[in-house]
Amino acid sequence: MKYLRLIYANILRKKMRFFLTIGSFGVALFLFGILVAIHNGFYEGINAVEDNRLIVRNKTSLLVFLPYSYKAKIEAMEGVEYVIPSVWFAGVYKDRKNFFSQFAIETAGWAETYPEYAIDKDQWSTFAMDRQGCMVGKALADKFGWKVGDRIPIEGTIFPGAWEFNISGIFEGNKKNVDLNQMWIRYEYLAESIPFMKGQVGWYAVKANHTDYVNSLISRIDGEFSNSPAETKTEPEKIWMIGFAKQMGNINLILISVGGVVIFTLLLVTGSTMAMSVRERTSEWATLKTLGYGDGLVLGLVLGESFFYAFIGGAVGLGLAWLFVSNGDPTGMMGGLFALSAGNILTGIGLTLITGFFAGVVPAVSAMKLRIVDALRRV
Amino acid sequence: MVSLNSSETSNSHISVRELHKIYKRGSESIDVLRGLNLDIEPGEFLAFMGPSGSGKTTLLNLIGGIDVPNSGTIVIDGQRIDNLSSSQLTHWRSRHVGFVFQMFNLIPVLNAFENVEMPLLLTRLSKAQRRKHVETALELVGLADRMKHYPRQLSGGQEQRVAIARALVNDPSILLCDEPTGDLDRESANEIMGLIQRLSNEQNKTVLMVTHDPVAAKCADSVLHLEKGVLIEAVSPPEA
């Protein structure tokens with residue numbers, strides 16, 4: 001602690017260099033925070049998914065419908081507890097930038113199939129009895145100031161027309177990482193309003209009695225409908241969600257690549273700064289060694305400066321990232337999962353300190369190995 | 001009293017025997033010191049003079065423990081320092097030697113107080129104890145009212161006085177001064193030499209000084225000439 005003053009005074013020696021180096025760390029860690037939040041937006045919801053849930057979709061494409069008649073056949077299979085028909089609605093609330101997920105669902109068995117949602121029983125009953133009813137997630141309700149009983153207009157896109165829905169209830173999550181930026185409407189209302197949707201669904205969510213049935217159900221369901229006009233592809237919902245995210249590109253690879261390049265650049269920039277800073281102070285290092293400052297202490301002082309830059313810059317960057325992410329997903333696509341956890345922040349701090357170490361270690365060793373007589377002769 | 005060229009063992013404060021130092025410059029080897037012998041008593045004030053390259057600073061560096069000889073022995077207060085490891089030398093140096101450089105070598109981002117305190121950070125003294133030592137050292141050099149000043153706010157003479165305070169704050173027995181007045185005007189140089197002389201007399205410090213300045217050398221008890229790595233006989237300080 002008694003050497004902090006020396007470290008602090010040295011890093012503030014040149015204010016422009018100080019602010020530029022802090023700025024480099026800040027920008028890098030801000031970007032890191034945003035990338036992690038994007039990653040969380042795409043992948044965190046997967047962690048909330050139950051292991052005994054399957055998605056059955058058209059083998060050709062998710063965009064091609066399946067017959068409603070498949071429901072009874074799947075329900076009759078051993079190991080199946082519930083089958084929930086679902087359709088992607090994709091309407092617009094007032095402005096296209098107000099994007100949020102909208103699903104048309106059957107209510108029977110839904111709450112049991114999706115236990116991660118905390119749903120008020122009375123509100124659910126209201127929803128089940130009102131064909132124009134809808135359930136909205138709490139994040140969505142808070143964002144638009146919706147209350148139970150409000151009637152909200154939705155402009156159809158896939159299913160054209162001016163739709164209106166009554167908010168029957170507002171749901172929350174029983175787990176963290178549950179997306180509360182969703183809206184559920186009644187499948188029956190969609191099917192009776194849009195002629196071509198009658199007898200068709202987008203996909204089925206299937207709840208297995210036990211995870212032991214998952215693999216056999218996959219082969220049995222796909223086997224049942226093979227060689228039919230609408231062959232199925234059945235997979236665990238987690239895999240399905242990962243595949244859905246991958247449709248936008250290999251998100252993980254993109255995030256890791258961008259993040260890696262940013263951190264590597266930061267390492268080079270800070271390493272160069274530290275090397276210059278150490279070289280400029282050759283006589284001072286020689287003087288300190290003359291006074292009795294040992295090699296280890298000199299190494300520690302240089303690394304201390306590097307860690308100081310890293311910690312301050314990292315704190316600024318992560319702090320700004322946290323503030324930015326707290327305002328929610330600007331694209332509206334990832335909903336409430338666009339967030340940074342305490343674990344993410346700690347990872348960021350760890351990463352910044354590791355970068356600080358590697359940026360400073362070479363100049364630190366150089367200062368440590370400095371021969372006093374050579375350094376003093378250079379002055 | 002200083003004596004040269006004795007090959008017998010000695011009980012002197014500083015005893016140097018058959019000291020050799022060779023520097024390599026590429027493929028060339030340069031014998032900077034050639035079998036130097038020297039005995040120095042406690043409290044002596046010695047000036048080393050001689051042409052550039054004669055080995056004056058090298059001798060100072062070896063006695064101060066910031067370089068090691070190729071052969072020969074250096075015994076200070078009964079302890080051989082020529083065979084100490086790097087870390088042992090560093091530790092020994094922090095306790096026994098104070099350095100004063102031509103270019104002052106103060107840390108520019110620290111004020112006078114903090115510069116003088118630097119050696120004390122290596123000790124186990126408390127903050128309050130360190131403060132007391134620093135204040136005493138700065139009073140000794142007449143800069144008690146400049147504690148919060150940074151080097152850029154001090155004159156050359158004042159900077160050198162801060163450097164002297166830093167060299168003394170750990171109460172070393174030896175003060176090594178390498179051209180302490182080399183970067184000062186005449187008036188400041190006289191002030192500094194007066195201070196060093198006073199410290200040598202009043203505090204019984206052994207002072208070894210390298211200088212090209214005959215006026216500075218005049219303040220010493222004896223002047224030793226080095227030529228081509230060998231000590232010539234001791235003489236009285238030259239007339240300025």
# chains A, B, ... in the order shown; residues from 1 in each chain; ligands from 1
>>> closest_atom_pairs(of="chain B", to="chain A", cutoff="9 Å", atoms="only C-alpha atoms", output="CSV")
residue,atom,partner,partner_atom,distance
B:Thr58,CA,A:Val373,CA,8.7
B:Asn61,CA,A:Val373,CA,7.6
B:Gly64,CA,A:Thr290,CA,8.8
B:Gly65,CA,A:Thr290,CA,8.6
B:Ile66,CA,A:Ile372,CA,6.5
B:Asp67,CA,A:Val373,CA,6.8
B:Ser86,CA,A:Gly294,CA,8.6
B:Ser87,CA,A:Gly294,CA,6.5
B:Leu89,CA,A:Gly292,CA,8.5
B:Thr90,CA,A:Gly292,CA,4.9
B:His91,CA,A:Gly292,CA,5.9
B:Trp92,CA,A:Gly292,CA,7.9
B:Arg93,CA,A:Gly292,CA,6.0
B:Ser94,CA,A:Gly292,CA,4.4
B:Arg95,CA,A:Gly292,CA,8.1
B:Val97,CA,A:Leu291,CA,8.3
B:Gly98,CA,A:Leu291,CA,7.5
B:Phe99,CA,A:Thr290,CA,7.6
B:Met103,CA,A:Val379,CA,8.5
B:Asn105,CA,A:Thr287,CA,6.6
B:Leu106,CA,A:Glu284,CA,7.6
B:Ile107,CA,A:Glu284,CA,6.5
B:Pro108,CA,A:Arg13,CA,8.8
B:Val109,CA,A:Ala9,CA,5.8
B:Leu110,CA,A:Ala9,CA,7.0
B:Glu114,CA,A:Leu6,CA,8.8
B:Met118,CA,A:Leu291,CA,7.9
B:Pro119,CA,A:Leu291,CA,5.9
B:Leu121,CA,A:Lys2,CA,6.9
B:Leu122,CA,A:Tyr293,CA,7.4
B:Lys127,CA,A:Lys2,CA,8.8
B:Ala167,CA,A:Leu291,CA,8.2
>>> write_last_selection(atoms="N, CA and C atoms", output="mmCIF file, in the first residue's frame")
data_model
loop_
_atom_site.group_PDB
_atom_site.id
_atom_site.type_symbol
_atom_site.label_atom_id
_atom_site.label_comp_id
_atom_site.auth_asym_id
_atom_site.auth_seq_id
_atom_site.Cartn_x
_atom_site.Cartn_y
_atom_site.Cartn_z
ATOM 1 N N THR B 58 33.668 4.068 -11.839
ATOM 2 C CA THR B 58 33.656 2.617 -11.684
ATOM 3 C C THR B 58 34.039 2.233 -10.258
ATOM 4 N N ASN B 61 31.158 2.983 -8.018
ATOM 5 C CA ASN B 61 30.079 2.008 -8.213
ATOM 6 C C ASN B 61 30.391 0.686 -7.510
ATOM 7 N N GLY B 64 30.106 1.175 -3.836
ATOM 8 C CA GLY B 64 28.699 1.374 -3.500
ATOM 9 C C GLY B 64 27.845 0.145 -3.727
ATOM 10 N N GLY B 65 28.432 -0.903 -4.314
ATOM 11 C CA GLY B 65 27.680 -2.138 -4.487
ATOM 12 C C GLY B 65 26.678 -2.119 -5.631
ATOM 13 N N ILE B 66 26.829 -1.199 -6.580
ATOM 14 C CA ILE B 66 25.925 -1.242 -7.738
ATOM 15 C C ILE B 66 26.603 -1.878 -8.946
ATOM 16 N N ASP B 67 27.819 -2.355 -8.726
ATOM 17 C CA ASP B 67 28.515 -3.142 -9.731
ATOM 18 C C ASP B 67 29.412 -4.124 -8.975
ATOM 19 N N SER B 86 23.137 -10.573 -5.839
ATOM 20 C CA SER B 86 22.500 -9.328 -6.256
ATOM 21 C C SER B 86 21.501 -8.829 -5.209
ATOM 22 N N SER B 87 20.695 -9.745 -4.703
ATOM 23 C CA SER B 87 19.681 -9.314 -3.731
ATOM 24 C C SER B 87 20.338 -8.928 -2.393
ATOM 25 N N LEU B 89 23.335 -7.638 -2.090
ATOM 26 C CA LEU B 89 23.944 -6.336 -2.341
ATOM 27 C C LEU B 89 22.908 -5.227 -2.264
ATOM 28 N N THR B 90 21.745 -5.509 -2.866
ATOM 29 C CA THR B 90 20.676 -4.510 -2.862
ATOM 30 C C THR B 90 20.284 -4.167 -1.427
ATOM 31 N N HIS B 91 20.132 -5.190 -0.620
ATOM 32 C CA HIS B 91 19.757 -4.987 0.781
ATOM 33 C C HIS B 91 20.850 -4.245 1.548
ATOM 34 N N TRP B 92 22.101 -4.662 1.319
ATOM 35 C CA TRP B 92 23.225 -4.019 1.994
ATOM 36 C C TRP B 92 23.306 -2.540 1.632
ATOM 37 N N ARG B 93 23.156 -2.290 0.361
ATOM 38 C CA ARG B 93 23.256 -0.933 -0.161
ATOM 39 C C ARG B 93 22.213 -0.013 0.474
ATOM 40 N N SER B 94 20.994 -0.516 0.615
ATOM 41 C CA SER B 94 19.912 0.322 1.148
ATOM 42 C C SER B 94 20.203 0.752 2.582
ATOM 43 N N ARG B 95 21.033 -0.017 3.289
ATOM 44 C CA ARG B 95 21.295 0.293 4.687
ATOM 45 C C ARG B 95 22.591 1.052 4.912
ATOM 46 N N VAL B 97 24.696 2.723 2.276
ATOM 47 C CA VAL B 97 25.225 3.677 1.288
ATOM 48 C C VAL B 97 24.170 4.692 0.882
ATOM 49 N N GLY B 98 24.609 5.965 0.778
ATOM 50 C CA GLY B 98 23.748 6.984 0.197
ATOM 51 C C GLY B 98 24.412 7.498 -1.069
ATOM 52 N N PHE B 99 23.636 7.676 -2.126
ATOM 53 C CA PHE B 99 24.192 8.123 -3.412
ATOM 54 C C PHE B 99 23.728 9.527 -3.741
ATOM 55 N N MET B 103 23.114 14.408 -11.911
ATOM 56 C CA MET B 103 21.840 14.886 -12.450
ATOM 57 C C MET B 103 20.711 14.818 -11.419
ATOM 58 N N ASN B 105 18.695 13.023 -10.166
ATOM 59 C CA ASN B 105 17.897 11.797 -10.263
ATOM 60 C C ASN B 105 16.756 11.741 -9.253
ATOM 61 N N LEU B 106 16.074 12.860 -9.112
ATOM 62 C CA LEU B 106 14.855 12.846 -8.301
ATOM 63 C C LEU B 106 13.706 12.323 -9.159
ATOM 64 N N ILE B 107 12.689 11.764 -8.492
ATOM 65 C CA ILE B 107 11.498 11.305 -9.212
ATOM 66 C C ILE B 107 10.628 12.531 -9.450
ATOM 67 N N PRO B 108 10.425 12.937 -10.687
ATOM 68 C CA PRO B 108 9.763 14.225 -10.944
ATOM 69 C C PRO B 108 8.294 14.293 -10.522
ATOM 70 N N VAL B 109 7.642 13.152 -10.408
ATOM 71 C CA VAL B 109 6.216 13.166 -10.064
ATOM 72 C C VAL B 109 5.979 13.100 -8.555
ATOM 73 N N LEU B 110 7.072 13.100 -7.789
ATOM 74 C CA LEU B 110 6.941 13.108 -6.336
ATOM 75 C C LEU B 110 7.508 14.416 -5.807
ATOM 76 N N GLU B 114 8.276 13.299 -0.553
ATOM 77 C CA GLU B 114 8.094 11.926 -1.061
ATOM 78 C C GLU B 114 9.380 11.367 -1.660
ATOM 79 N N MET B 118 11.546 7.904 -0.160
ATOM 80 C CA MET B 118 11.673 6.678 -0.970
ATOM 81 C C MET B 118 12.518 5.585 -0.312
ATOM 82 N N PRO B 119 13.709 5.866 0.207
ATOM 83 C CA PRO B 119 14.498 4.790 0.846
ATOM 84 C C PRO B 119 13.810 4.220 2.083
ATOM 85 N N LEU B 121 10.690 3.666 2.567
ATOM 86 C CA LEU B 121 9.595 2.754 2.257
ATOM 87 C C LEU B 121 10.059 1.304 2.305
ATOM 88 N N LEU B 122 11.382 1.108 2.210
ATOM 89 C CA LEU B 122 11.924 -0.248 2.249
ATOM 90 C C LEU B 122 12.090 -0.766 3.670
ATOM 91 N N LYS B 127 4.403 5.096 9.284
ATOM 92 C CA LYS B 127 4.264 6.343 8.520
ATOM 93 C C LYS B 127 4.730 7.536 9.358
ATOM 94 N N ALA B 167 19.766 10.800 0.273
ATOM 95 C CA ALA B 167 20.921 9.916 0.484
ATOM 96 C C ALA B 167 21.200 9.702 1.967
#
>>> select_by_dssp(residues="segment 136-205 of chain A", states="strand (DSSP E or B)", output="ChimeraX atom specification")
/A:136-137,151-156,161-173,182-186,200-201,203-205
>>> write_last_selection(atoms="C-alpha atoms", output="PDB file, in the first residue's frame")
ATOM      1  CA  VAL A 136     -48.212 -10.485 -21.756  1.00  0.00           C
ATOM      2  CA  GLY A 137     -44.880 -10.719 -19.959  1.00  0.00           C
ATOM      3  CA  ARG A 151     -57.308  -3.571 -25.149  1.00  0.00           C
ATOM      4  CA  ILE A 152     -54.278  -3.344 -27.397  1.00  0.00           C
ATOM      5  CA  PRO A 153     -54.117  -3.003 -31.185  1.00  0.00           C
ATOM      6  CA  ILE A 154     -51.695  -5.166 -33.172  1.00  0.00           C
ATOM      7  CA  GLU A 155     -51.159  -4.727 -36.905  1.00  0.00           C
ATOM      8  CA  GLY A 156     -50.792  -8.147 -38.527  1.00  0.00           C
ATOM      9  CA  GLY A 161     -55.369  -7.038 -40.603  1.00  0.00           C
ATOM     10  CA  ALA A 162     -55.988  -4.801 -37.645  1.00  0.00           C
ATOM     11  CA  TRP A 163     -56.148  -7.111 -34.635  1.00  0.00           C
ATOM     12  CA  GLU A 164     -57.178  -6.209 -31.106  1.00  0.00           C
ATOM     13  CA  PHE A 165     -56.546  -8.194 -27.957  1.00  0.00           C
ATOM     14  CA  ASN A 166     -57.687  -7.918 -24.359  1.00  0.00           C
ATOM     15  CA  ILE A 167     -54.947  -8.277 -21.769  1.00  0.00           C
ATOM     16  CA  SER A 168     -56.195 -11.152 -19.623  1.00  0.00           C
ATOM     17  CA  GLY A 169     -53.085 -11.417 -17.488  1.00  0.00           C
ATOM     18  CA  ILE A 170     -49.467 -10.509 -16.923  1.00  0.00           C
ATOM     19  CA  PHE A 171     -47.003 -13.357 -16.318  1.00  0.00           C
ATOM     20  CA  GLU A 172     -43.583 -13.427 -14.645  1.00  0.00           C
ATOM     21  CA  GLY A 173     -40.833 -16.025 -14.444  1.00  0.00           C
ATOM     22  CA  GLN A 182     -43.586 -12.039 -24.986  1.00  0.00           C
ATOM     23  CA  MET A 183     -47.244 -11.996 -25.794  1.00  0.00           C
ATOM     24  CA  TRP A 184     -49.488 -15.080 -26.125  1.00  0.00           C
ATOM     25  CA  ILE A 185     -52.766 -15.011 -28.030  1.00  0.00           C
ATOM     26  CA  ARG A 186     -55.362 -17.740 -28.587  1.00  0.00           C
ATOM     27  CA  GLN A 200     -52.724 -25.874 -39.501  1.00  0.00           C
ATOM     28  CA  VAL A 201     -50.119 -25.093 -36.867  1.00  0.00           C
ATOM     29  CA  TRP A 203     -45.138 -26.351 -34.576  1.00  0.00           C
ATOM     30  CA  TYR A 204     -45.984 -28.520 -31.587  1.00  0.00           C
ATOM     31  CA  ALA A 205     -44.426 -28.255 -28.144  1.00  0.00           C
TER      32      ALA A 205
END
>>> select_by_dssp(residues="segment 152-199 of chain B", states="alpha helix (DSSP H)", output="list in words")
Gly156, Gly157, Gln158, Glu159, Gln160, Arg161, Val162, Ala163, Ile164, Ala165, Arg166, Ala167, Leu168, Arg186, Glu187, Ser188, Ala189, Asn190, Glu191, Ile192, Met193, Gly194, Leu195, Ile196, Gln197, Arg198 and Leu199 of chain B
>>> write_last_selection(atoms="C-alpha atoms", output="tab-separated table (two decimals), in the first residue's frame")
chain	number	residue	atom	x	y	z
B	156	GLY	CA	19.26	23.09	-9.27
B	157	GLY	CA	20.94	23.64	-5.93
B	158	GLN	CA	17.73	22.90	-4.06
B	159	GLU	CA	17.19	19.73	-6.07
B	160	GLN	CA	20.66	18.53	-5.19
B	161	ARG	CA	20.00	19.27	-1.54
B	162	VAL	CA	16.84	17.15	-1.71
B	163	ALA	CA	18.98	14.41	-3.29
B	164	ILE	CA	21.46	14.72	-0.43
B	165	ALA	CA	18.62	14.50	2.10
B	166	ARG	CA	17.42	11.34	0.33
B	167	ALA	CA	20.92	9.92	0.48
B	168	LEU	CA	21.14	10.59	4.22
B	186	ARG	CA	29.28	28.27	-9.00
B	187	GLU	CA	27.17	29.66	-6.20
B	188	SER	CA	25.00	26.55	-5.92
B	189	ALA	CA	28.06	24.34	-6.22
B	190	ASN	CA	29.69	26.15	-3.29
B	191	GLU	CA	26.53	25.71	-1.23
B	192	ILE	CA	26.41	22.00	-1.94
B	193	MET	CA	30.06	21.44	-1.17
B	194	GLY	CA	29.69	23.37	2.07
B	195	LEU	CA	26.79	21.10	2.99
B	196	ILE	CA	28.67	17.91	2.14
B	197	GLN	CA	31.71	19.07	4.07
B	198	ARG	CA	29.58	19.92	7.08
B	199	LEU	CA	27.89	16.52	6.95
>>> atom_distance(atom1="atom CA of Asn40 of chain A", atom2="atom CA of Leu180 of chain A")
14.2 Å
>>> residues_around(residues="segment 44-50 of chain B", least_positions_apart="5", cutoff="9 Å", atoms="only C-alpha atoms", output="PDB file with C-alpha atoms, in the first residue's frame")
ATOM      1  CA  MET B   1      43.806   8.481   6.932  1.00  0.00           C
ATOM      2  CA  VAL B   2      43.671   7.054   3.451  1.00  0.00           C
ATOM      3  CA  GLY B  55      37.874   4.490 -13.550  1.00  0.00           C
ATOM      4  CA  LYS B  56      36.698   7.022 -10.963  1.00  0.00           C
ATOM      5  CA  THR B  57      32.984   6.333 -11.297  1.00  0.00           C
ATOM      6  CA  GLN B 197      31.707  19.075   4.074  1.00  0.00           C
ATOM      7  CA  SER B 200      31.233  14.775   6.778  1.00  0.00           C
ATOM      8  CA  ASN B 201      32.567  16.716   9.783  1.00  0.00           C
ATOM      9  CA  ASN B 204      31.229  11.481  10.709  1.00  0.00           C
ATOM     10  CA  LYS B 205      30.072  10.175   7.340  1.00  0.00           C
ATOM     11  CA  THR B 206      32.685   8.684   5.070  1.00  0.00           C
ATOM     12  CA  VAL B 207      32.325  10.690   1.881  1.00  0.00           C
ATOM     13  CA  LEU B 208      33.769   9.551  -1.447  1.00  0.00           C
ATOM     14  CA  MET B 209      33.346  12.061  -4.215  1.00  0.00           C
ATOM     15  CA  VAL B 210      34.192  11.937  -7.925  1.00  0.00           C
ATOM     16  CA  THR B 211      34.756  15.371  -9.383  1.00  0.00           C
ATOM     17  CA  HIS B 212      36.407  17.308 -12.170  1.00  0.00           C
ATOM     18  CA  ASP B 213      35.970  20.516 -10.204  1.00  0.00           C
ATOM     19  CA  PRO B 214      39.106  21.590  -8.341  1.00  0.00           C
ATOM     20  CA  ALA B 216      34.870  21.033  -5.073  1.00  0.00           C
ATOM     21  CA  ALA B 217      37.943  18.865  -4.523  1.00  0.00           C
ATOM     22  CA  LYS B 218      39.367  21.511  -2.228  1.00  0.00           C
ATOM     23  CA  CYS B 219      36.622  20.720   0.301  1.00  0.00           C
ATOM     24  CA  ALA B 220      37.887  17.159   0.678  1.00  0.00           C
ATOM     25  CA  ASP B 221      40.410  15.908   3.240  1.00  0.00           C
ATOM     26  CA  SER B 222      42.427  14.214   0.505  1.00  0.00           C
ATOM     27  CA  VAL B 223      42.391  13.998  -3.271  1.00  0.00           C
ATOM     28  CA  LEU B 224      43.259  10.801  -5.077  1.00  0.00           C
ATOM     29  CA  HIS B 225      44.135  10.727  -8.732  1.00  0.00           C
ATOM     30  CA  LEU B 226      43.230   7.835 -10.961  1.00  0.00           C
ATOM     31  CA  GLU B 227      44.920   7.260 -14.239  1.00  0.00           C
ATOM     32  CA  LYS B 228      44.270   4.296 -16.444  1.00  0.00           C
ATOM     33  CA  PRO B 237      43.421  19.326  -2.100  1.00  0.00           C
TER      34      PRO B 237
END
>>> residues_around(residues="Arg131 of chain B", least_positions_apart="3", cutoff="12 Å", atoms="only C-alpha atoms", output="ChimeraX atom specification")
/B:113-118,120-121,125-128,134-138,144,147,169
>>> closest_residue(among="B:Leu176, B:Ser29, B:Ile74, B:Glu202", to="Phe101 of chain B", atoms="only C-alpha atoms")
B:Leu176
>>> atom_distance(atom1="atom CA of Asp178 of chain B", atom2="atom CA of Phe104 of chain B")
9.9 Å
>>> atom_distance(atom1="atom CA of Phe100 of chain A", atom2="atom CA of Lys138 of chain A")
12.5 Å
